[in-house]
Amino acid sequence: MAEGESDNITKIVVISSDSVLPVDAAMKIYQSNTDIVIKETCFGTMVTGPRDAVNRVVKEVVDLDRNHIFVKERGFLPGDERRCRSSRGGGPRPGFHYLRHEVQMLPTIGKALDAYDRKAPLKEAKQKKKLDVDKLEDLIESQL
Amino acid sequence: MVKVIIYPTNSLILSDLVERFGHQPVAMMEKIKEKISTVSVDSPPLNITAEEPKMGLKYAAVEVPAGVRGRMSIVGPMIEEAQAGIIVNESPMAFGCMGCARTNELTKYLIRQRDIPVLEVDYPRGDNEEEAKEFVYRIAEFLKSLPKDEEEDKA
């Protein structure tokens with residue numbers, strides 16, 4: 001990598017909002033007057049550029065719907081040969097499965113953040129317990 | 001602001017929550033970025049050099065597979081750097097590309113061994129809202145209990 005890129009960062013902005021679409025976030029980023037590069041993806045956008053500019057733009061996007069837009073840094077630039085599917089012969093890129101797994105959880109996490117902001121009282125969550133040995137024995141015997 | 005190591009080390013949710021509540025996540029992504037933007041490491045598709053398994057000897061013995069030691073050469077310094085930690089147990093996807101089961105066990109063990117505040121929670125299952133609320137509530141309260149200003153930790 002070139003030395004000048006050392007303070008460039010990439011952030012993944014994942015949108016799980018009912019009111020903000022990935023295209024809204026992309027438009028917001030396009031409107032910002034900075035030299036950043038964005039890539040629209042199925043779950044949101046990837047923003048690359050100088051650290052300050054990226055942080056500022058990402059904050060603007062997150063402020064659209066604070067509790068339902070999630071951000072993390074990414075190691076590789078979008079299109080990096082070592083990750084890009086076009087040069088690896090297709091298939092999901094490394095890390096995609098984990099991201100997809102977490103994206104499925106985001107609606108409930110967003111609601112939980114809303115509840116936390118409202119200071120809603122916490123109900124006791126029903127913990128799933130392992131089946132009692134005695135109960136299992138009863139079940140087996142009842143089948144006979 | 002405190003440096004909080006997260007486990008799973010590449011989690012979007014944890015990284016976001018730590019940053020949201022005013023702290024700095026110590027996550028795999030930024031360490032990988034440091035690695036791959038170093039001029040000497042530019043050999044697709046590898047991210048590490050042959051030196052890494054040697055560096056990993058600090059955390060795992062020589063008979064441990066090189067993959068564990070290679071991963072620990074990145075994760076180990078992250079654990080040393082951290083001033084607090086969040087471990088999410090029962091994470092079904094923390095296996096595969098991101099690491100192997102033994103690396104994950106060693107990572108959790110080393111985080112617990114450090115004398116730092118550590119929170120352990122479980123991932124909410126599916127769309128269970130009560131579990132998600134408890135997950136967010138516990139993490140938020142833990143992060144709020146950590147000191148906000150960088151005070152003494154310059155040494």
# chains A, B, ... in the order shown; residues from 1 in each chain; ligands from 1
$ interface_residues --of "chain A" --to "chain B" --cutoff "9 Å" --atoms "only C-alpha atoms" --output "CSV table (one decimal) with all heavy atoms, in the first residue's frame"
chain,number,residue,atom,x,y,z
A,1,MET,N,0.8,-1.2,0.0
A,1,MET,CA,0.0,0.0,0.0
A,1,MET,C,0.9,1.3,0.0
A,1,MET,O,1.9,1.3,0.6
A,1,MET,CB,-0.9,0.0,1.2
A,1,MET,CG,-1.8,-1.1,1.4
A,1,MET,SD,-3.3,-0.9,0.5
A,1,MET,CE,-3.8,-2.6,0.2
A,2,ALA,N,0.3,2.3,-0.6
A,2,ALA,CA,1.1,3.5,-0.6
A,2,ALA,C,1.2,4.1,0.7
A,2,ALA,O,0.3,4.0,1.6
A,2,ALA,CB,0.5,4.5,-1.6
A,3,GLU,N,2.3,4.9,1.0
A,3,GLU,CA,2.4,5.5,2.3
A,3,GLU,C,1.3,6.5,2.6
A,3,GLU,O,0.9,6.7,3.7
A,3,GLU,CB,3.8,6.1,2.4
A,3,GLU,CG,4.9,5.1,2.8
A,3,GLU,CD,6.2,5.8,2.8
A,3,GLU,OE1,6.3,6.9,3.2
A,3,GLU,OE2,7.2,5.1,2.3
A,5,GLU,N,-1.7,6.5,2.1
A,5,GLU,CA,-3.0,5.9,2.4
A,5,GLU,C,-3.0,5.5,3.9
A,5,GLU,O,-4.0,5.0,4.4
A,5,GLU,CB,-3.2,4.6,1.6
A,5,GLU,CG,-3.5,4.9,0.1
A,5,GLU,CD,-3.7,3.6,-0.7
A,5,GLU,OE1,-3.9,2.6,0.0
A,5,GLU,OE2,-3.6,3.7,-1.9
A,6,SER,N,-1.9,5.7,4.7
A,6,SER,CA,-1.9,5.2,6.0
A,6,SER,C,-3.0,5.7,6.9
A,6,SER,O,-3.4,5.0,7.8
A,6,SER,CB,-0.5,5.5,6.6
A,6,SER,OG,-0.3,6.9,6.6
A,9,ILE,N,-9.2,5.3,6.2
A,9,ILE,CA,-9.9,4.1,6.9
A,9,ILE,C,-11.1,3.8,6.1
A,9,ILE,O,-11.6,4.6,5.2
A,9,ILE,CB,-10.3,4.5,8.3
A,9,ILE,CG1,-11.2,5.7,8.4
A,9,ILE,CG2,-9.1,4.6,9.2
A,9,ILE,CD1,-11.9,5.9,9.7
A,12,ILE,N,-17.8,0.3,7.6
A,12,ILE,CA,-19.0,-0.3,7.0
A,12,ILE,C,-20.2,0.3,7.8
A,12,ILE,O,-20.2,0.3,9.0
A,12,ILE,CB,-19.0,-1.9,7.3
A,12,ILE,CG1,-17.8,-2.5,6.6
A,12,ILE,CG2,-20.3,-2.5,6.9
A,12,ILE,CD1,-17.8,-4.0,6.8
A,14,VAL,N,-24.1,-0.2,8.3
A,14,VAL,CA,-25.1,-1.2,8.1
A,14,VAL,C,-26.5,-0.6,8.5
A,14,VAL,O,-26.6,-0.1,9.7
A,14,VAL,CB,-24.9,-2.5,8.9
A,14,VAL,CG1,-26.0,-3.5,8.6
A,14,VAL,CG2,-23.5,-3.1,8.5
A,70,PHE,N,-25.8,1.0,12.2
A,70,PHE,CA,-24.6,0.4,12.9
A,70,PHE,C,-23.4,0.6,12.1
A,70,PHE,O,-23.4,0.4,10.9
A,70,PHE,CB,-24.9,-1.0,13.3
A,70,PHE,CG,-26.1,-1.2,14.2
A,70,PHE,CD1,-27.4,-1.3,13.7
A,70,PHE,CD2,-25.9,-1.3,15.6
A,70,PHE,CE1,-28.4,-1.4,14.6
A,70,PHE,CE2,-27.0,-1.4,16.5
A,70,PHE,CZ,-28.3,-1.5,15.9
A,71,VAL,N,-22.3,0.8,12.8
A,71,VAL,CA,-21.0,1.1,12.1
A,71,VAL,C,-19.9,0.2,12.7
A,71,VAL,O,-19.8,0.0,13.9
A,71,VAL,CB,-20.7,2.6,12.2
A,71,VAL,CG1,-19.4,2.9,11.5
A,71,VAL,CG2,-21.8,3.5,11.8
A,72,LYS,N,-19.1,-0.3,11.8
A,72,LYS,CA,-17.8,-0.8,12.3
A,72,LYS,C,-16.7,-0.5,11.2
A,72,LYS,O,-17.0,-0.3,10.1
A,72,LYS,CB,-17.9,-2.3,12.5
A,72,LYS,CG,-17.8,-3.2,11.4
A,72,LYS,CD,-17.5,-4.7,11.8
A,72,LYS,CE,-17.4,-5.6,10.6
A,72,LYS,NZ,-17.0,-7.0,11.0
A,73,GLU,N,-15.5,-0.6,11.7
A,73,GLU,CA,-14.3,-0.3,10.8
A,73,GLU,C,-14.1,-1.6,10.0
A,73,GLU,O,-14.4,-2.7,10.5
A,73,GLU,CB,-13.1,0.1,11.7
A,73,GLU,CG,-12.1,0.8,10.8
A,73,GLU,CD,-11.0,1.4,11.7
A,73,GLU,OE1,-11.3,1.9,12.8
A,73,GLU,OE2,-9.9,1.4,11.2
A,74,ARG,N,-13.5,-1.4,8.9
A,74,ARG,CA,-13.1,-2.6,8.1
A,74,ARG,C,-11.7,-2.6,7.8
A,74,ARG,O,-11.1,-1.5,7.5
A,74,ARG,CB,-14.0,-2.6,6.8
A,74,ARG,CG,-13.8,-3.8,6.0
A,74,ARG,CD,-14.5,-3.7,4.6
A,74,ARG,NE,-14.3,-5.0,3.9
A,74,ARG,CZ,-14.3,-5.1,2.6
A,74,ARG,NH1,-14.5,-4.1,1.9
A,74,ARG,NH2,-14.1,-6.3,2.1
A,75,GLY,N,-11.0,-3.7,7.8
A,75,GLY,CA,-9.6,-3.7,7.5
A,75,GLY,C,-9.2,-3.5,6.1
A,75,GLY,O,-8.3,-2.7,5.8
A,76,PHE,N,-9.9,-4.1,5.2
A,76,PHE,CA,-9.6,-4.0,3.8
A,76,PHE,C,-10.4,-2.9,3.1
A,76,PHE,O,-11.5,-2.7,3.4
A,76,PHE,CB,-9.8,-5.4,3.1
A,76,PHE,CG,-8.9,-6.5,3.5
A,76,PHE,CD1,-9.2,-7.2,4.6
A,76,PHE,CD2,-7.8,-6.7,2.8
A,76,PHE,CE1,-8.3,-8.2,5.0
A,76,PHE,CE2,-6.9,-7.7,3.2
A,76,PHE,CZ,-7.2,-8.5,4.3
A,77,LEU,N,-9.8,-2.3,2.1
A,77,LEU,CA,-10.5,-1.3,1.3
A,77,LEU,C,-11.5,-2.1,0.4
A,77,LEU,O,-11.3,-3.3,0.1
A,77,LEU,CB,-9.5,-0.6,0.4
A,77,LEU,CG,-8.4,0.2,1.0
A,77,LEU,CD1,-7.5,0.7,-0.1
A,77,LEU,CD2,-9.0,1.3,1.8
A,81,GLU,N,-7.8,-6.7,-3.7
A,81,GLU,CA,-7.6,-8.0,-4.3
A,81,GLU,C,-7.7,-9.2,-3.4
A,81,GLU,O,-8.2,-10.2,-3.8
A,81,GLU,CB,-6.3,-8.0,-5.0
A,81,GLU,CG,-6.3,-7.8,-6.5
A,81,GLU,CD,-5.0,-8.1,-7.1
A,81,GLU,OE1,-4.1,-8.7,-6.5
A,81,GLU,OE2,-4.8,-7.8,-8.3
A,82,ARG,N,-7.3,-9.0,-2.2
A,82,ARG,CA,-7.3,-10.1,-1.3
A,82,ARG,C,-8.7,-10.5,-0.8
A,82,ARG,O,-8.9,-11.5,-0.1
A,82,ARG,CB,-6.4,-9.8,-0.1
A,82,ARG,CG,-4.9,-9.8,-0.5
A,82,ARG,CD,-4.0,-9.1,0.5
A,82,ARG,NE,-4.2,-7.7,0.5
A,82,ARG,CZ,-3.5,-6.8,1.1
A,82,ARG,NH1,-2.5,-7.3,1.8
A,82,ARG,NH2,-3.7,-5.5,1.0
A,83,ARG,N,-9.6,-9.6,-0.9
A,83,ARG,CA,-11.0,-9.9,-0.5
A,83,ARG,C,-12.0,-9.8,-1.6
A,83,ARG,O,-13.1,-10.5,-1.5
A,83,ARG,CB,-11.4,-8.9,0.6
A,83,ARG,CG,-10.8,-9.1,1.9
A,83,ARG,CD,-11.3,-10.4,2.5
A,83,ARG,NE,-10.7,-10.7,3.8
A,83,ARG,CZ,-9.6,-11.4,4.1
A,83,ARG,NH1,-8.9,-11.8,3.0
A,83,ARG,NH2,-9.2,-11.6,5.3
A,94,PRO,N,-14.5,-13.4,2.8
A,94,PRO,CA,-14.3,-13.8,4.2
A,94,PRO,C,-14.9,-12.8,5.1
A,94,PRO,O,-14.8,-11.6,4.9
A,94,PRO,CB,-12.8,-13.8,4.3
A,94,PRO,CG,-12.3,-14.1,2.9
A,94,PRO,CD,-13.3,-13.4,2.0
A,95,GLY,N,-15.6,-13.2,6.1
A,95,GLY,CA,-16.3,-12.3,7.1
A,95,GLY,C,-17.7,-12.0,6.7
A,95,GLY,O,-18.5,-11.5,7.6
A,97,HIS,N,-20.3,-14.1,6.3
A,97,HIS,CA,-21.2,-14.9,7.0
A,97,HIS,C,-21.5,-14.4,8.4
A,97,HIS,O,-22.6,-14.3,8.8
A,97,HIS,CB,-20.7,-16.4,7.1
A,97,HIS,CG,-20.7,-17.0,5.8
A,97,HIS,ND1,-21.8,-17.2,5.0
A,97,HIS,CD2,-19.6,-17.5,5.1
A,97,HIS,CE1,-21.5,-17.9,3.9
A,97,HIS,NE2,-20.2,-18.0,3.9
A,98,TYR,N,-20.4,-13.9,9.0
A,98,TYR,CA,-20.6,-13.4,10.4
A,98,TYR,C,-21.4,-12.1,10.3
A,98,TYR,O,-22.3,-11.9,11.2
A,98,TYR,CB,-19.2,-13.1,11.0
A,98,TYR,CG,-19.3,-12.9,12.5
A,98,TYR,CD1,-19.3,-14.0,13.3
A,98,TYR,CD2,-19.5,-11.7,13.1
A,98,TYR,CE1,-19.5,-13.9,14.7
A,98,TYR,CE2,-19.7,-11.5,14.4
A,98,TYR,CZ,-19.7,-12.6,15.2
A,98,TYR,OH,-19.8,-12.5,16.6
A,99,LEU,N,-21.1,-11.3,9.3
A,99,LEU,CA,-21.8,-10.0,9.2
A,99,LEU,C,-23.3,-10.3,8.9
A,99,LEU,O,-24.2,-9.7,9.6
A,99,LEU,CB,-21.2,-9.2,8.0
A,99,LEU,CG,-21.8,-7.8,7.9
A,99,LEU,CD1,-21.5,-6.9,9.1
A,99,LEU,CD2,-21.2,-7.1,6.6
A,101,HIS,N,-25.0,-12.9,9.8
A,101,HIS,CA,-25.6,-13.4,11.0
A,101,HIS,C,-26.0,-12.3,12.0
A,101,HIS,O,-27.0,-12.3,12.6
A,101,HIS,CB,-24.6,-14.4,11.7
A,101,HIS,CG,-25.0,-14.9,13.0
A,101,HIS,ND1,-26.0,-15.8,13.1
A,101,HIS,CD2,-24.7,-14.6,14.2
A,101,HIS,CE1,-26.2,-16.1,14.4
A,101,HIS,NE2,-25.4,-15.4,15.1
A,102,GLU,N,-25.1,-11.3,12.1
A,102,GLU,CA,-25.3,-10.2,13.0
A,102,GLU,C,-26.4,-9.3,12.4
A,102,GLU,O,-27.2,-8.7,13.2
A,102,GLU,CB,-24.0,-9.4,13.3
A,102,GLU,CG,-23.1,-10.2,14.2
A,102,GLU,CD,-22.1,-9.3,14.9
A,102,GLU,OE1,-21.4,-8.5,14.2
A,102,GLU,OE2,-22.0,-9.3,16.1
A,103,VAL,N,-26.4,-9.1,11.1
A,103,VAL,CA,-27.4,-8.2,10.5
A,103,VAL,C,-28.8,-8.7,10.8
A,103,VAL,O,-29.7,-7.9,11.0
A,103,VAL,CB,-27.2,-8.1,9.0
A,103,VAL,CG1,-28.4,-7.6,8.2
A,103,VAL,CG2,-25.9,-7.3,8.7
A,104,GLN,N,-29.0,-10.0,10.9
A,104,GLN,CA,-30.3,-10.6,11.2
A,104,GLN,C,-30.7,-10.2,12.6
A,104,GLN,O,-31.9,-10.2,13.0
A,104,GLN,CB,-30.3,-12.1,11.1
A,104,GLN,CG,-30.2,-12.6,9.7
A,104,GLN,CD,-29.9,-14.1,9.5
A,104,GLN,OE1,-29.5,-14.7,10.5
A,104,GLN,NE2,-29.9,-14.5,8.3
A,105,MET,N,-29.8,-9.9,13.5
A,105,MET,CA,-30.1,-9.6,14.9
A,105,MET,C,-30.3,-8.1,15.1
A,105,MET,O,-30.9,-7.7,16.1
A,105,MET,CB,-28.9,-9.9,15.8
A,105,MET,CG,-28.9,-11.3,16.4
A,105,MET,SD,-27.6,-11.3,17.6
A,105,MET,CE,-26.4,-12.3,16.8
A,106,LEU,N,-30.0,-7.3,14.1
A,106,LEU,CA,-30.0,-5.8,14.3
A,106,LEU,C,-31.4,-5.2,14.6
A,106,LEU,O,-31.5,-4.3,15.4
A,106,LEU,CB,-29.3,-5.1,13.1
A,106,LEU,CG,-27.8,-5.3,12.9
A,106,LEU,CD1,-27.3,-4.5,11.8
A,106,LEU,CD2,-27.1,-5.0,14.2
A,107,PRO,N,-32.5,-5.7,13.9
A,107,PRO,CA,-33.8,-5.1,14.3
A,107,PRO,C,-34.1,-5.2,15.8
A,107,PRO,O,-34.5,-4.2,16.4
A,107,PRO,CB,-34.8,-6.0,13.5
A,107,PRO,CG,-34.0,-6.5,12.3
A,107,PRO,CD,-32.6,-6.7,12.8
A,108,THR,N,-33.8,-6.4,16.4
A,108,THR,CA,-34.1,-6.5,17.8
A,108,THR,C,-33.1,-5.7,18.7
A,108,THR,O,-33.5,-5.1,19.7
A,108,THR,CB,-34.0,-8.0,18.3
A,108,THR,OG1,-32.9,-8.6,17.8
A,108,THR,CG2,-35.2,-8.7,17.9
A,109,ILE,N,-31.9,-5.6,18.2
A,109,ILE,CA,-30.9,-4.8,18.9
A,109,ILE,C,-31.3,-3.3,18.9
A,109,ILE,O,-31.2,-2.5,19.8
A,109,ILE,CB,-29.5,-4.9,18.4
A,109,ILE,CG1,-29.0,-6.4,18.5
A,109,ILE,CG2,-28.5,-4.0,19.0
A,109,ILE,CD1,-28.6,-6.9,19.9
A,111,LYS,N,-34.4,-2.1,18.5
A,111,LYS,CA,-35.5,-1.9,19.4
A,111,LYS,C,-35.0,-1.9,20.9
A,111,LYS,O,-35.5,-1.1,21.7
A,111,LYS,CB,-36.5,-3.1,19.3
A,111,LYS,CG,-37.4,-3.0,18.1
A,111,LYS,CD,-38.4,-4.1,18.1
A,111,LYS,CE,-39.0,-4.2,16.7
A,111,LYS,NZ,-39.8,-5.5,16.5
A,112,ALA,N,-34.0,-2.7,21.2
A,112,ALA,CA,-33.5,-2.7,22.6
A,112,ALA,C,-32.8,-1.4,22.9
A,112,ALA,O,-33.0,-0.9,24.0
A,112,ALA,CB,-32.5,-3.9,22.7
A,113,LEU,N,-32.2,-0.8,21.9
A,113,LEU,CA,-31.5,0.5,22.1
A,113,LEU,C,-32.6,1.6,22.3
A,113,LEU,O,-32.4,2.5,23.2
A,113,LEU,CB,-30.6,0.9,21.0
A,113,LEU,CG,-29.2,0.2,20.9
A,113,LEU,CD1,-28.6,0.4,19.6
A,113,LEU,CD2,-28.3,0.7,22.0
A,115,ALA,N,-35.5,1.1,23.6
A,115,ALA,CA,-36.1,0.8,25.0
A,115,ALA,C,-35.1,1.3,26.0
A,115,ALA,O,-35.5,1.9,27.0
A,115,ALA,CB,-36.3,-0.7,25.2
A,116,TYR,N,-33.8,1.1,25.8
A,116,TYR,CA,-32.8,1.6,26.7
A,116,TYR,C,-32.8,3.2,26.8
A,116,TYR,O,-32.8,3.7,27.9
A,116,TYR,CB,-31.4,1.1,26.3
A,116,TYR,CG,-30.4,1.5,27.3
A,116,TYR,CD1,-30.2,0.9,28.5
A,116,TYR,CD2,-29.5,2.6,27.1
A,116,TYR,CE1,-29.3,1.2,29.5
A,116,TYR,CE2,-28.6,3.0,28.0
A,116,TYR,CZ,-28.4,2.3,29.2
A,116,TYR,OH,-27.5,2.7,30.2
A,122,LEU,N,-36.7,-3.3,32.7
A,122,LEU,CA,-36.2,-4.6,32.1
A,122,LEU,C,-37.0,-5.7,32.7
A,122,LEU,O,-37.1,-5.8,33.9
A,122,LEU,CB,-34.7,-4.8,32.4
A,122,LEU,CG,-33.9,-5.7,31.6
A,122,LEU,CD1,-33.9,-5.3,30.1
A,122,LEU,CD2,-32.5,-5.8,32.1
A,123,LYS,N,-37.7,-6.5,31.8
A,123,LYS,CA,-38.4,-7.7,32.3
A,123,LYS,C,-37.4,-8.8,32.4
A,123,LYS,O,-36.4,-8.9,31.7
A,123,LYS,CB,-39.5,-8.0,31.3
A,123,LYS,CG,-40.7,-7.2,31.4
A,123,LYS,CD,-41.8,-7.8,30.5
A,123,LYS,CE,-42.6,-6.6,29.9
A,123,LYS,NZ,-43.4,-7.0,28.7
A,124,GLU,N,-37.8,-9.7,33.2
A,124,GLU,CA,-36.9,-10.9,33.4
A,124,GLU,C,-37.1,-11.8,32.1
A,124,GLU,O,-38.2,-12.2,31.8
A,124,GLU,CB,-37.4,-11.7,34.6
A,124,GLU,CG,-36.5,-12.9,34.9
A,124,GLU,CD,-35.3,-12.6,35.7
A,124,GLU,OE1,-35.3,-11.5,36.4
A,124,GLU,OE2,-34.4,-13.4,35.7
A,125,ALA,N,-36.0,-12.0,31.4
A,125,ALA,CA,-36.0,-12.8,30.2
A,125,ALA,C,-36.1,-14.3,30.6
A,125,ALA,O,-35.4,-14.7,31.5
A,125,ALA,CB,-34.8,-12.5,29.3
A,126,LYS,N,-36.9,-15.0,29.9
A,126,LYS,CA,-37.0,-16.4,30.2
A,126,LYS,C,-35.8,-17.2,29.6
A,126,LYS,O,-35.6,-17.1,28.4
A,126,LYS,CB,-38.3,-17.0,29.6
A,126,LYS,CG,-39.5,-16.7,30.5
A,126,LYS,CD,-40.8,-17.4,29.9
A,126,LYS,CE,-42.0,-16.9,30.6
A,126,LYS,NZ,-43.2,-17.2,29.8
A,127,GLN,N,-35.0,-17.7,30.5
A,127,GLN,CA,-33.8,-18.4,30.0
A,127,GLN,C,-34.2,-19.8,29.6
A,127,GLN,O,-34.9,-20.5,30.4
A,127,GLN,CB,-32.8,-18.5,31.1
A,127,GLN,CG,-32.3,-17.1,31.5
A,127,GLN,CD,-31.4,-16.4,30.4
A,127,GLN,OE1,-30.9,-17.1,29.6
A,127,GLN,NE2,-31.3,-15.1,30.5
$ select_by_dssp --residues "segment 64-98 of chain B" --states "strand (DSSP E or B)" --output "ChimeraX atom specification"
/B:84-89,96
$ residues_around --residues "Ile38 of chain A" --least-positions-apart "3" --cutoff "9 Å" --atoms "only C-alpha atoms" --output "VMD selection string"
chain A and resid 26 29 to 30 45 to 49 78
$ write_last_selection --atoms "C-alpha atoms" --output "short mmCIF file (atom, residue, chain, number, x, y, z; two decimals), in the first residue's frame"
data_model
loop_
_atom_site.label_atom_id
_atom_site.label_comp_id
_atom_site.auth_asym_id
_atom_site.auth_seq_id
_atom_site.Cartn_x
_atom_site.Cartn_y
_atom_site.Cartn_z
CA ALA A 26 -25.63 6.92 0.09
CA ILE A 29 -22.64 10.70 1.65
CA TYR A 30 -22.63 11.82 -1.99
CA THR A 45 -22.53 1.25 2.40
CA MET A 46 -18.79 1.16 2.76
CA VAL A 47 -17.10 4.52 3.17
CA THR A 48 -13.38 4.99 2.50
CA GLY A 49 -11.26 8.07 2.87
CA PRO A 78 -13.50 -2.09 -0.92
#
$ atom_distance --atom1 "atom CA of Val61 of chain A" --atom2 "atom CA of His23 of chain B"
19.7 Å
$ select_by_dssp --residues "segment 56-136 of chain B" --states "alpha helix (DSSP H)" --output "PyMOL selection string"
chain B and resi 66-81+101-113+129-136
$ atom_distance --atom1 "atom CA of Val2 of chain B" --atom2 "atom CA of Asp122 of chain B"
22.3 Å
$ closest_residue --among "B:Met72, B:Ile6, B:Met1, B:Ile111" --to "Tyr59 of chain B" --atoms "only C-alpha atoms"
B:Met72
$ residues_around --residues "Pro117 of chain B" --least-positions-apart "5" --cutoff "12 Å" --atoms "only C-alpha atoms" --output "compact mmCIF listing (two decimals) with C-alpha atoms, in the first residue's frame"
# COMPACT_ATOMS: atom_id res chain seq x y z
CA VAL B 2 -11.22 3.25 27.73
CA LYS B 3 -9.93 0.65 25.27
CA VAL B 4 -12.40 -2.21 25.36
CA ILE B 5 -11.50 -5.54 23.79
CA ALA B 82 -7.13 -3.52 26.47
CA GLN B 83 -8.27 -1.80 29.64
CA ALA B 84 -11.63 -3.56 29.79
CA GLY B 85 -13.33 -6.41 27.98
CA ILE B 86 -16.67 -7.69 26.78
CA ILE B 87 -17.00 -11.40 26.07
CA ILE B 111 -8.96 -11.84 28.69
CA ARG B 112 -10.30 -13.35 31.93
CA PHE B 142 -21.03 -1.83 31.94
CA LEU B 143 -19.68 0.71 29.47
CA SER B 145 -19.46 2.32 34.56
CA LEU B 146 -16.02 2.63 32.92
CA PRO B 147 -14.07 5.88 33.32
$ atom_distance --atom1 "atom CA of Ala25 of chain A" --atom2 "atom CA of Gly110 of chain A"
17.2 Å
$ residues_around --residues "Pro65 of chain B" --least-positions-apart "3" --cutoff "10 Å" --atoms "only C-alpha atoms" --output "ChimeraX atom specification"
/B:53,60-62,68-70,102-103
